[in-house]
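Comments concern the structure below.
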Amino acid sequence: MREVLAERIRSVPPSGIRKFFDIIATVDDVISLGVGEPDFVTPASITQAGIQSLQRGETSYTSNAGLMELREELSAYLENLYGVHYDPSEELLITVGVSEALYLALLSVVDPGDEVIVPEPCFVSYRPGVIFAGGTPITIEAKVENGFQITGADIERAVTPRTKALLIGYPNNPTGAVMSRERLTEIAEVAEKNDFLVLSDEIYDRLVYGVEHVCFPTLPGMKERTILLGGFSKSYAMTGWRLGYAAAPAEILGGMRKAHQYIIMCAPITAQIAGIEALRHGEEAVQEMLREYDQRRRVIVDGLNTIGMPCVEPKGAFYAFPSIRNTSLSSEEFSDGLLREQKVAVIPGTAFGECGEGFVRCAYATSLVQIEEALGRMEDFVRRNRR
Ligand SMILES: Cc1ncc(COP(=O)(O)O)c(C=O)c1O
């Protein structure tokens with residue numbers, strides 16, 4: 001029989017994260033520092049808003065771009081938070097998570113043969129997204145010695161006449177790095193000079209610890225060339241509701257809306273109504289979760305450094321990305337051994353790009369008690385496997 005799967009699917013390896021979850025499912029009593037989602041449930045008033053809308057019988061499709069009330073609320077939210085204005089009719093699109101927004105963005109601007117610069121380590125979907133859209137991902141390395149930030153010069157070295165876009169995600173999954181205003185300004189200058197677009201995945205924008213999150217389109221000249229991707233999953237603990245958004249200049253947003261209309265039609269109405277409540281009244285809950293993550297962050301970073309897994313201080317998201325180079329193991333062997341021998345799940349750094357070798361991702365979206373227990377088990381494992 002002839003090959004049934006298309007090249008674009010065959011050429012992309014399965015997610016390195018999923019592979020680990022399959023193993024976790026077969027081991028009992030695992031402490032998981034593996035999953036990249038909040039351990040909190042969605043704040044009650046947000047859930048209530050969704051439930052009440054269902055009870056009122058609001059079970060229909062919505063406008064393709066999303067409920068106007070939500071887009072208006074989102075526009076006001078972005079304006080309040082960052083001072084950037086997006087027109088709710090033309091420049092905002094409500095999507096099924098950032099996952100959909102990311103794919104629509106790539107699908108709408110990347111032609112076959114176009115190159116998209118992707119700094120790694122990065123979220124697992126970036127490279128496959130570029131490939132599915134017919135483009136070529138060009139990887140550059142965010143180095144540990146630069147605190148996993150990238151510079152304008154790093155990007156400039158990767159630019160060619162085929163460069164269509166840069167895809168960045170800060171605060172970063174998996175490193176927890178937050179980009180400084182200075183570095184982002186360098187990147188903006190390179191984008192302007194070489195006339196490429198910037199896709200900025202800012203899903204962790206609300207999860208920063210004592211530093212500023214700079215929203216990329218607020219930099220001079222950048223609103224015209226940025227597709228801002230944002231969501232509700234992480235800040236409001238709403239992963240299961242599947243709600244996100246894209247903000248972009250009208251021409252690009254119109255292209256994305258066209259793709260969205262044919263592929264998805266609209267985001268679920270229940271999630272959209274819950275999203276309105278989140279934007280209107282969710283701030284206190286965001287701050288509460290942030291305080292809790294921050295406390296865990298300090299404990300895990302101190303702990304990892306003490307047990308011989310040196311760790312750059314993560315300033316955002318809920319991940320630590322310690323080095324395991326004090327051991328004789330690869331990141332895959334480390335994660336595999338730690339899971340089987342000590343029942344602690346972490347994700348090998350290589351799941352986020354080849355340059356993640358020598359690191360593992362530890363999510364601290366789990367209770368302090370679990371984190372402390374996991375650190376004790378890891379200490380044992382590191383001692384036994386020391387180089
Ligand atoms: C950097 C990054 N972008 C996007 C997503 C997808 O988020 P959503 O739930 O909004 O699809 C994730 C989820 O882990 C992520 O870490």
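Naming works like this for the structure tokens: A, B, ... for the chains as they're shown, residue 1 at the start of each chain, ligands 1 onward in shown order.
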
- [ ] May I ask you to write as a PyMOL selection string all residues lying at most 9 Å from ligand 1, with only C-alpha atoms and all ligand atoms counted?
- [x] chain A and resi 35-37+95-102+122-126+168-174+201-204+229-234+238-245+317

Task: Selection: 8 Å around Ala158 (chain A), only C-alpha atoms, excl. self and same-chain fewer than 3 positions, as an MDAnalysis selection string - done: chainID A and resid 117 138 140 154:155

TODO: Between A:Gln55, A:Ser11, A:Thr185, A:Asn305, single out the one closest to Ser323 (chain A), counting only C-alpha atoms.
DONE: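 The shortest atom-to-atom distance to Ser323 (chain A) comes from A:Asn305.
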
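Using only C-alpha atoms, the contacts of Glu284 (chain A) at a cut-off of 12 Å, with sequence neighbours closer than 3 positions omitted, comprise A:Pro43, A:Ala44, A:Ser45, A:Ser235, A:Tyr236, A:Ala278, A:Leu279, A:Arg280, A:His281, A:Gln287, A:Glu288, A:Met289, A:Leu290, A:Arg291.
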
Open item on the list: I need the residues in region 65-184 of chain A that are helix (DSSP H, G or I) according to DSSP; give them as a PyMOL selection string.
Closed with: chain A and resi 68-82+97-109+126-132+144-146+152-158+181-184

Pull C-alpha atoms from the residues just selected and write them as a PDB file, in the first residue's frame.
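Dumped to selection-v9.pdb:
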```
ATOM      1  CA  MET A  68     -17.995  41.255  20.698  1.00  0.00           C
ATOM      2  CA  GLU A  69     -18.390  41.708  24.441  1.00  0.00           C
ATOM      3  CA  LEU A  70     -15.293  39.584  25.036  1.00  0.00           C
ATOM      4  CA  ARG A  71     -13.286  41.357  22.337  1.00  0.00           C
ATOM      5  CA  GLU A  72     -14.232  44.726  23.828  1.00  0.00           C
ATOM      6  CA  GLU A  73     -13.268  43.563  27.289  1.00  0.00           C
ATOM      7  CA  LEU A  74      -9.975  42.193  25.932  1.00  0.00           C
ATOM      8  CA  SER A  75      -9.225  45.430  24.123  1.00  0.00           C
ATOM      9  CA  ALA A  76      -9.746  47.385  27.370  1.00  0.00           C
ATOM     10  CA  TYR A  77      -7.642  44.863  29.290  1.00  0.00           C
ATOM     11  CA  LEU A  78      -4.657  45.168  26.922  1.00  0.00           C
ATOM     12  CA  GLU A  79      -4.979  48.929  26.912  1.00  0.00           C
ATOM     13  CA  ASN A  80      -5.036  49.104  30.739  1.00  0.00           C
ATOM     14  CA  LEU A  81      -2.224  46.674  31.232  1.00  0.00           C
ATOM     15  CA  TYR A  82       0.167  47.672  28.450  1.00  0.00           C
ATOM     16  CA  GLY A  97      -6.258  28.462  23.136  1.00  0.00           C
ATOM     17  CA  VAL A  98      -2.965  29.959  22.111  1.00  0.00           C
ATOM     18  CA  SER A  99      -2.416  26.619  20.396  1.00  0.00           C
ATOM     19  CA  GLU A 100      -4.932  27.537  17.720  1.00  0.00           C
ATOM     20  CA  ALA A 101      -3.844  31.178  17.566  1.00  0.00           C
ATOM     21  CA  LEU A 102      -0.245  30.101  16.990  1.00  0.00           C
ATOM     22  CA  TYR A 103      -1.183  27.737  14.199  1.00  0.00           C
ATOM     23  CA  LEU A 104      -3.468  30.303  12.516  1.00  0.00           C
ATOM     24  CA  ALA A 105      -0.709  32.904  12.670  1.00  0.00           C
ATOM     25  CA  LEU A 106       1.796  30.605  10.999  1.00  0.00           C
ATOM     26  CA  LEU A 107      -0.720  29.380   8.449  1.00  0.00           C
ATOM     27  CA  SER A 108      -1.635  32.942   7.540  1.00  0.00           C
ATOM     28  CA  VAL A 109       1.822  34.413   7.005  1.00  0.00           C
ATOM     29  CA  TYR A 126       6.725  25.936  17.634  1.00  0.00           C
ATOM     30  CA  ARG A 127       8.811  23.873  15.215  1.00  0.00           C
ATOM     31  CA  PRO A 128       5.962  21.519  14.184  1.00  0.00           C
ATOM     32  CA  GLY A 129       3.708  24.574  13.683  1.00  0.00           C
ATOM     33  CA  VAL A 130       6.179  26.120  11.247  1.00  0.00           C
ATOM     34  CA  ILE A 131       6.534  22.811   9.379  1.00  0.00           C
ATOM     35  CA  PHE A 132       2.758  22.218   9.195  1.00  0.00           C
ATOM     36  CA  VAL A 144      22.379  29.419  29.684  1.00  0.00           C
ATOM     37  CA  GLU A 145      25.254  31.905  30.096  1.00  0.00           C
ATOM     38  CA  ASN A 146      22.907  34.657  28.835  1.00  0.00           C
ATOM     39  CA  GLY A 152      19.554  41.097  18.518  1.00  0.00           C
ATOM     40  CA  ALA A 153      22.919  39.861  17.201  1.00  0.00           C
ATOM     41  CA  ASP A 154      21.889  36.191  17.716  1.00  0.00           C
ATOM     42  CA  ILE A 155      18.869  36.805  15.533  1.00  0.00           C
ATOM     43  CA  GLU A 156      20.642  38.896  12.939  1.00  0.00           C
ATOM     44  CA  ARG A 157      23.078  36.031  12.289  1.00  0.00           C
ATOM     45  CA  ALA A 158      20.139  33.770  11.368  1.00  0.00           C
ATOM     46  CA  ARG A 181      13.382  45.649  27.572  1.00  0.00           C
ATOM     47  CA  GLU A 182      16.900  46.262  26.294  1.00  0.00           C
ATOM     48  CA  ARG A 183      17.147  42.865  24.563  1.00  0.00           C
ATOM     49  CA  LEU A 184      13.653  43.135  23.108  1.00  0.00           C
TER      50      LEU A 184
END
```

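Residues lying within 8 Å of Ser328 (chain A), counting only C-alpha atoms and ignoring same-chain neighbours fewer than 6 positions away, are Asn385, Arg386 and Arg387 of chain A.
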
Selected residues written out, N, CA, C and O atoms, as a CSV table (one decimal), in the first residue's frame:
```
chain,number,residue,atom,x,y,z
A,385,ASN,N,24.4,9.3,40.9
A,385,ASN,CA,24.8,9.4,39.5
A,385,ASN,C,25.8,10.5,39.2
A,385,ASN,O,26.0,10.9,38.1
A,386,ARG,N,26.4,11.0,40.3
A,386,ARG,CA,27.4,12.0,40.2
A,386,ARG,C,28.6,11.5,39.2
A,386,ARG,O,28.9,10.4,39.2
A,387,ARG,N,29.0,12.5,38.4
A,387,ARG,CA,30.1,12.2,37.5
A,387,ARG,C,31.4,11.7,38.2
A,387,ARG,O,31.7,12.2,39.2
```

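Of note, CA of Gly176 (chain A) and CA of Leu219 (chain A) are spaced 21.7 Å apart.
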
- [ ] Would you please give, as a count of residues only, all residues of region 122-351 of chain A that DSSP assigns to strand (DSSP E or B) based on the backbone?
- [x] 38

Open item on the list: Under the rule that only C-alpha atoms are counted, which of A:Lys193, A:Arg8, A:Arg206, A:Arg384 is the nearest residue to Lys315 (chain A)?
Closed with: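 Closest residue, counting only C-alpha atoms: A:Arg206.
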